[in-house]
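Visitor: Sharing a structure here in structure tokens format.
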Amino acid sequence: MDPESKIVLDTLWVILAACLVFFMNAGFGMLETGFCRAKNAVNILAKNFIVFSVSAMAFWAMGFAMMFGNGNALVGLSGWFLLGPDNSPATEGAYSGVFASLDWTGVPLAAKFFFQLAFAATAATIVSGAVAERIKFVSFIAFSFILVALVYPIGGHWTWGGGWLSEFGFADFAGSTVVHSVGGWAALTGAVVLGARAGKFRADGKAQAIPGHNLSLATLGTFILWLGWFGFNAGSTMAADPEAIATISANTFMAAAAGCLMATITAWLVIGKPDLSMILNGTLAGLVAITAPCDSVSIASSVLIGTVAGSLVVFAVLFFDWVRVDDPVGAISVHLVNGIWGTAAVGLFAAETGLFFGGGFRQLLVQLFGIAAFGALVVPASTAVWLGLKYTLGLRVSPEEEEEGLDLGEHGIEAYPGFTQARPQPEALEIA
Amino acid sequence: MDPESKIVLDTLWVILAACLVFFMNAGFGMLETGFCRAKNAVNILAKNFIVFSVSAMAFWAMGFAMMFGNGNALVGLSGWFLLGPDNSPATEGAYSGVFASLDWTGVPLAAKFFFQLAFAATAATIVSGAVAERIKFVSFIAFSFILVALVYPIGGHWTWGGGWLSEFGFADFAGSTVVHSVGGWAALTGAVVLGARAGKFRADGKAQAIPGHNLSLATLGTFILWLGWFGFNAGSTMAADPEAIATISANTFMAAAAGCLMATITAWLVIGKPDLSMILNGTLAGLVAITAPCDSVSIASSVLIGTVAGSLVVFAVLFFDWVRVDDPVGAISVHLVNGIWGTAAVGLFAAETGLFFGGGFRQLLVQLFGIAAFGALVVPASTAVWLGLKYTLGLRVSPEEEEEGLDLGEHGIEAYPGFTQARPQPEALEIA
Amino acid sequence: MDPESKIVLDTLWVILAACLVFFMNAGFGMLETGFCRAKNAVNILAKNFIVFSVSAMAFWAMGFAMMFGNGNALVGLSGWFLLGPDNSPATEGAYSGVFASLDWTGVPLAAKFFFQLAFAATAATIVSGAVAERIKFVSFIAFSFILVALVYPIGGHWTWGGGWLSEFGFADFAGSTVVHSVGGWAALTGAVVLGARAGKFRADGKAQAIPGHNLSLATLGTFILWLGWFGFNAGSTMAADPEAIATISANTFMAAAAGCLMATITAWLVIGKPDLSMILNGTLAGLVAITAPCDSVSIASSVLIGTVAGSLVVFAVLFFDWVRVDDPVGAISVHLVNGIWGTAAVGLFAAETGLFFGGGFRQLLVQLFGIAAFGALVVPASTAVWLGLKYTLGLRVSPEEEEEGLDLGEHGIEAYPGFTQARPQPEALEIA
């Protein structure tokens, strides 16, 4: 194919995939809102909506430069505000400019930025669910800005920006670790620093279910996320490579389906009912898990990876309840636990380098090392930011505001005026 | 165009169209949930969500092989689990492998599977609406698996898999019969075997309206379905043929618009008000009807086909109420009745072979024969499965569970906790 | 690239962009429904849904011909019902036919129609929000038909159909004026002719907030609109031009983000809280404003344009309250005010012709002149139609129906039966 045609095709694909990834934010917003209580719905909607805009500014000003800009093995140091020499679109070694780490994709710079921005904002959105129903609006905005401007790009540079981790052969095709575990670690530290919602744990430590207010919305959100994930995974080719995008799409579909079914079965056996929130989170778990290996495994392996993910997420939710980490939507179980699982799965199932396919232990060890490296980056960094915010802007709303709902306290409006709501809203149903 | 470019273009189109078709399931889910009562919302969401995952496994393991695999005139018999020789992507007669019936599309095998899987799952989803609010969750899952693994692929093989019906020249471009009437027949037999919901028919036989709980959701679902249908119809080219996809898209739009308007007018005249559920179902009726002829008719014919569909659906809904078949969302009227109409319309309006365009009666008779053949396949097959499930797993929830709502009985959670709902929920408003 | 490949690529892009624009209507529907009261939800959903079908018929029969058909400097006069000679797809000067004004895009006629139809319907949808909760269903349908059949195409012909305004160099790439201000002017005249909703203004003239019933829906709608806008702006290339679509997509993203953030800040300062409705409308304001200049400005300029838009929309909402124009969803502030701002912004920020980039005042004056010309077209025309409807079909529902809700009066059903709603629904909360 002539280079001109290739540029057009690749750009079309990247732009449309970016649109799908963009739309995932609507999915996250609806999922999180549906899984939380009506009295906090406006706040959650506002958080999920504005985080994309905050991320856009952070990634434009700094994040993209630190992630993909020329620099050293640790961080990119050029291309602030997308400025600097860049002859994109350029193919086949013709690239010259400040974003050399993206020289392998022959699309215009604006397309690279658009796609990667949609990715970056996703990491911040993941955090939102775990800190919901108690975090101050302004502090969440500040955290998101710092995450997307500084923390996410550093890990991203290590892996996708030509940094030291990529040198080892660490493989994370579409971001089980680079995106999902980064969001997941930040979610975990946030949930720990913030503490649990009032009423989540009884005096004896037993977790109480706090049901979400709208499972239609949560289900719609998961459908949207599943849709968007085709762009997330298959778009990470950043090129219209027909074999790759077809294989990745099919793998993504099958891993999600397997996660869905296995979570349903696991919940049925463990909790006694096919719990809808587990059905939805099982699907997302399968999607997160296939994100790293989606380009390098078979359909059968994808089904296996998704199956494990679907089971893992159910036990992870129960585990975090047990250790008294309050994660209203299960974001840590979905994104951190299965981000780790998916990244490790590359070392097990990858067609050439995976342990189960004759590749020996090398890839698996590199994967585990990379997972640990990201934990070592994000846990201290995000903890420091959460604590910094706690002692400056303040992190948590007042107990009175939490009781009344953040919608009135933070935003002065309700999500559903005109509908009588049972008051007090259910806060303390014992988990069956 | 060089073959390499063509493969890239065709694959891009098929993958993106498959994404649109995939998203239709969200549309079906929201439509059905919105048209049913709040006490069954979790169950309906769960059914519509999990059916895609069940279908994925069924179609991967068996369905795709039986539909498109090499075999005989009745059924495909190779390519289980997508395994077997296949040199896709291959264009212009270069294909060799076990899926010879798809040799006309030059995309990778994974792309063929992804697109056709999204189609197959649609057939199962159609059934969901007609059996809603009274079917056992596990039995619906079992039925869906069998439908997608066995029944849908057999009819599909007859028509699109190189089977006997295609030999006659039966024309069903995107599946008015192959997808929609299959789902519709299975929906009809299911509704009959299950019987009506408690309170749907009075002792004197008169039907009562049981209003859905959320028409915002139902409207959103219909918008999503309309969007997805552009992928469903125009994607069925499985090739980036510019004239075809442009014409099909425009025809699809106009038939839907005509169905919408005619259903509105018909409802206004017959029922006395522009009923929103009829506006939505009229649009879907137009979409189902244009699905078979979308590639072979003019815009003006599309408008006519949609107009008839919009009127048909209103009378069909009244008819099924009159014969005491309880179809909570009108799925039979939309998918079966208009699947038949649309398939017949090919014989009337097709540019070269249609009766009104000088083609004589031959195409029309073939169409009617094909419609009947699918009825003769699906009615007994689906009835047998429904009855088999009835006498094994059991098909219908207990009267107490139906009264209380399937959400608590089947899933142990409510869709909208925290919102006071009028109890008992409205079950018996007389149709105006 | 060979012409055949170009036609395929351009068609793929235009069709997919048209699908995105189509989906915007779901966004408008959910936004408007969420911002209004539950008692009028069915009516609003029905209006937003049917308007697409009405527009389809109007644009097919007349609108497309009057907008793009060969004619004179004022109006197109050929191509009714898409009929007439047309050799599309034809590239590089090879076009001959009745739609010469679209000879620059080498896609099939049906693709041109599909894309432009999705655009045209948008103009009608904009009006819907401003006249919500009090207009008669049938009169809204009639107004929409006339707007799309006659008014919108005339302005469109002036600018995009080879008419007199394009001769002056008036630049409106994707329709800040051609689409949004047309909808906005018609919304303004409609709101004025209809008068305010009961309870909106106290006897002393002070505006009262009438809160929308579902901000989850409104937020989802805005996400969908933002997504669709990538098709709206980048699709207006009507060609798969990689540099253009990448730049336009990134500009669109950043202007929306800036509008979102600035509206949040402005609302926080002026109203005292980060009001979610302002966050959403600020995003839309940024999107409307970048629509005209999206192809000709830098990312930094896009951020500036969006920033101004985000502030403008907050003050515009307060202004229209102050002058007692009742616009339930802020459509006039979003689409008219920022349509004007965005069109003027071309004259300020355009890379070569803008005042701030060395182009002098010429472009700015042409832009202001074009803005005025559209006002001079749409204000009298839409006022005449509104008044004509007022004295024939009647424009406003009865006070009793308005009090009870249009859902029961116009459609005979409720949107959310089964949910207890506080009655009377909140109509008169004083603005804080």
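Ordering of the structure tokens sets the chain letters (A, B, ...), residue numbers begin anew at 1 in every chain, and ligands are numbered from 1 in the order given.
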Based on only C-alpha atoms, which of the residues in chain A come within 8 Å of chain B? I want them as a ChimeraX atom specification.

Guide: /A:1,9,13,37-38,211-216,219-220,223-224,227,230,240-243,245-247,249-250,253-254,256-258,260-261,273-276,279,419-423,425-426

Visitor: Find the spatial neighbours of Gly155 of chain A, counting only C-alpha atoms, within a cut-off of 9 Å - ignore same-chain residues fewer than 6 positions away - and output them as number ranges by chain.

Guide: A: 67, 74-75, 161, 163, 165, 178-179, 182, 373-374, 377-378

Visitor: Please provide the set of residues having any atom within 6 Å of segment 331-341 of chain A, restricted to only C-alpha atoms, with same-chain residues fewer than 5 positions apart removed, written as a VMD selection string.

Guide: chain A and resid 130 176 to 177 180 to 181 184 285 288 to 289 313 316 to 317

Visitor: Write out the residues from the selection above, keeping N, CA and C atoms, as a short mmCIF file (atom, residue, chain, number, x, y, z; two decimals), in the first residue's frame.

Guide:
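Generated file (selection31.cif):
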data_model
loop_
_atom_site.label_atom_id
_atom_site.label_comp_id
_atom_site.auth_asym_id
_atom_site.auth_seq_id
_atom_site.Cartn_x
_atom_site.Cartn_y
_atom_site.Cartn_z
N ALA A 130 -13.92 4.45 43.35
CA ALA A 130 -13.48 3.94 44.66
C ALA A 130 -13.57 5.00 45.75
N SER A 176 -3.41 -3.01 30.54
CA SER A 176 -3.88 -3.61 31.80
C SER A 176 -3.13 -2.99 32.98
N THR A 177 -1.84 -2.79 32.77
CA THR A 177 -1.03 -2.18 33.83
C THR A 177 -0.93 -0.67 33.65
N HIS A 180 -4.99 0.55 33.64
CA HIS A 180 -5.94 0.05 34.63
C HIS A 180 -5.33 -0.13 36.01
N SER A 181 -4.11 -0.69 36.07
CA SER A 181 -3.55 -0.85 37.41
C SER A 181 -3.13 0.50 37.98
N GLY A 184 -6.15 1.70 39.31
CA GLY A 184 -6.51 0.83 40.43
C GLY A 184 -5.69 1.08 41.68
N ALA A 285 -14.13 -7.16 34.42
CA ALA A 285 -12.91 -7.85 34.82
C ALA A 285 -12.30 -8.59 33.64
N VAL A 288 -10.69 -5.91 31.41
CA VAL A 288 -9.41 -5.41 31.93
C VAL A 288 -8.32 -6.46 31.74
N ALA A 289 -8.68 -7.71 32.01
CA ALA A 289 -7.66 -8.77 31.95
C ALA A 289 -7.16 -9.01 30.53
N VAL A 313 -12.80 -11.52 40.32
CA VAL A 313 -13.42 -10.25 40.72
C VAL A 313 -14.41 -10.47 41.86
N ALA A 316 -12.37 -10.96 44.95
CA ALA A 316 -11.70 -9.71 45.30
C ALA A 316 -12.66 -8.75 45.99
N VAL A 317 -13.88 -8.67 45.48
CA VAL A 317 -14.87 -7.81 46.13
C VAL A 317 -15.09 -8.25 47.57
#

Visitor: From the DSSP assignment of the backbone, select every residue of segment 102-243 of chain A that is strand (DSSP E or B), and format the answer as a list of chain:residue names.

Guide: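 Of segment 102-243 of chain A, only A:Ile135, A:Phe201, A:Ala207, A:Gln208, A:Ala209 fall in strand (DSSP E or B).
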
Visitor: Go ahead and dump the residues you just picked, all heavy atoms, as a PDB file, in the first residue's frame.

Guide:
ATOM      1  N   ILE A 135     -15.811  11.951  48.890  1.00  0.00           N
ATOM      2  CA  ILE A 135     -14.680  12.836  48.596  1.00  0.00           C
ATOM      3  C   ILE A 135     -15.194  14.228  48.221  1.00  0.00           C
ATOM      4  O   ILE A 135     -16.257  14.380  47.620  1.00  0.00           O
ATOM      5  CB  ILE A 135     -13.804  12.263  47.460  1.00  0.00           C
ATOM      6  CG1 ILE A 135     -12.448  12.971  47.430  1.00  0.00           C
ATOM      7  CG2 ILE A 135     -14.520  12.371  46.111  1.00  0.00           C
ATOM      8  CD1 ILE A 135     -11.441  12.319  46.501  1.00  0.00           C
ATOM      9  N   PHE A 201     -19.325  -0.362  57.417  1.00  0.00           N
ATOM     10  CA  PHE A 201     -18.884  -1.437  58.302  1.00  0.00           C
ATOM     11  C   PHE A 201     -19.511  -1.279  59.679  1.00  0.00           C
ATOM     12  O   PHE A 201     -19.505  -0.189  60.247  1.00  0.00           O
ATOM     13  CB  PHE A 201     -17.352  -1.439  58.400  1.00  0.00           C
ATOM     14  CG  PHE A 201     -16.680  -1.696  57.076  1.00  0.00           C
ATOM     15  CD1 PHE A 201     -16.065  -0.668  56.379  1.00  0.00           C
ATOM     16  CD2 PHE A 201     -16.700  -2.963  56.512  1.00  0.00           C
ATOM     17  CE1 PHE A 201     -15.463  -0.897  55.147  1.00  0.00           C
ATOM     18  CE2 PHE A 201     -16.105  -3.200  55.275  1.00  0.00           C
ATOM     19  CZ  PHE A 201     -15.495  -2.169  54.584  1.00  0.00           C
ATOM     20  N   ALA A 207     -19.046  -6.144  56.904  1.00  0.00           N
ATOM     21  CA  ALA A 207     -19.422  -5.231  55.828  1.00  0.00           C
ATOM     22  C   ALA A 207     -20.925  -5.280  55.575  1.00  0.00           C
ATOM     23  O   ALA A 207     -21.552  -6.333  55.686  1.00  0.00           O
ATOM     24  CB  ALA A 207     -18.677  -5.595  54.547  1.00  0.00           C
ATOM     25  N   GLN A 208     -21.472  -4.146  55.264  1.00  0.00           N
ATOM     26  CA  GLN A 208     -22.877  -4.037  54.915  1.00  0.00           C
ATOM     27  C   GLN A 208     -22.980  -3.645  53.436  1.00  0.00           C
ATOM     28  O   GLN A 208     -22.243  -2.781  52.985  1.00  0.00           O
ATOM     29  CB  GLN A 208     -23.547  -2.916  55.725  1.00  0.00           C
ATOM     30  CG  GLN A 208     -23.081  -2.780  57.146  1.00  0.00           C
ATOM     31  CD  GLN A 208     -23.973  -3.519  58.112  1.00  0.00           C
ATOM     32  OE1 GLN A 208     -25.131  -3.779  57.807  1.00  0.00           O
ATOM     33  NE2 GLN A 208     -23.441  -3.887  59.249  1.00  0.00           N
ATOM     34  N   ALA A 209     -23.926  -4.244  52.735  1.00  0.00           N
ATOM     35  CA  ALA A 209     -24.150  -3.826  51.353  1.00  0.00           C
ATOM     36  C   ALA A 209     -24.850  -2.470  51.344  1.00  0.00           C
ATOM     37  O   ALA A 209     -25.764  -2.234  52.126  1.00  0.00           O
ATOM     38  CB  ALA A 209     -24.999  -4.851  50.617  1.00  0.00           C
TER      39      ALA A 209
END

Visitor: For Glu402 of chain B, list every protein, DNA or RNA residue within 12 Å, evaluated using only C-alpha atoms, and leave out those in the same chain fewer than 3 positions away; present the list as a PyMOL selection string.

Guide: chain B and resi 37+39-40+43+132-136+196-199+396-399+405-410+427
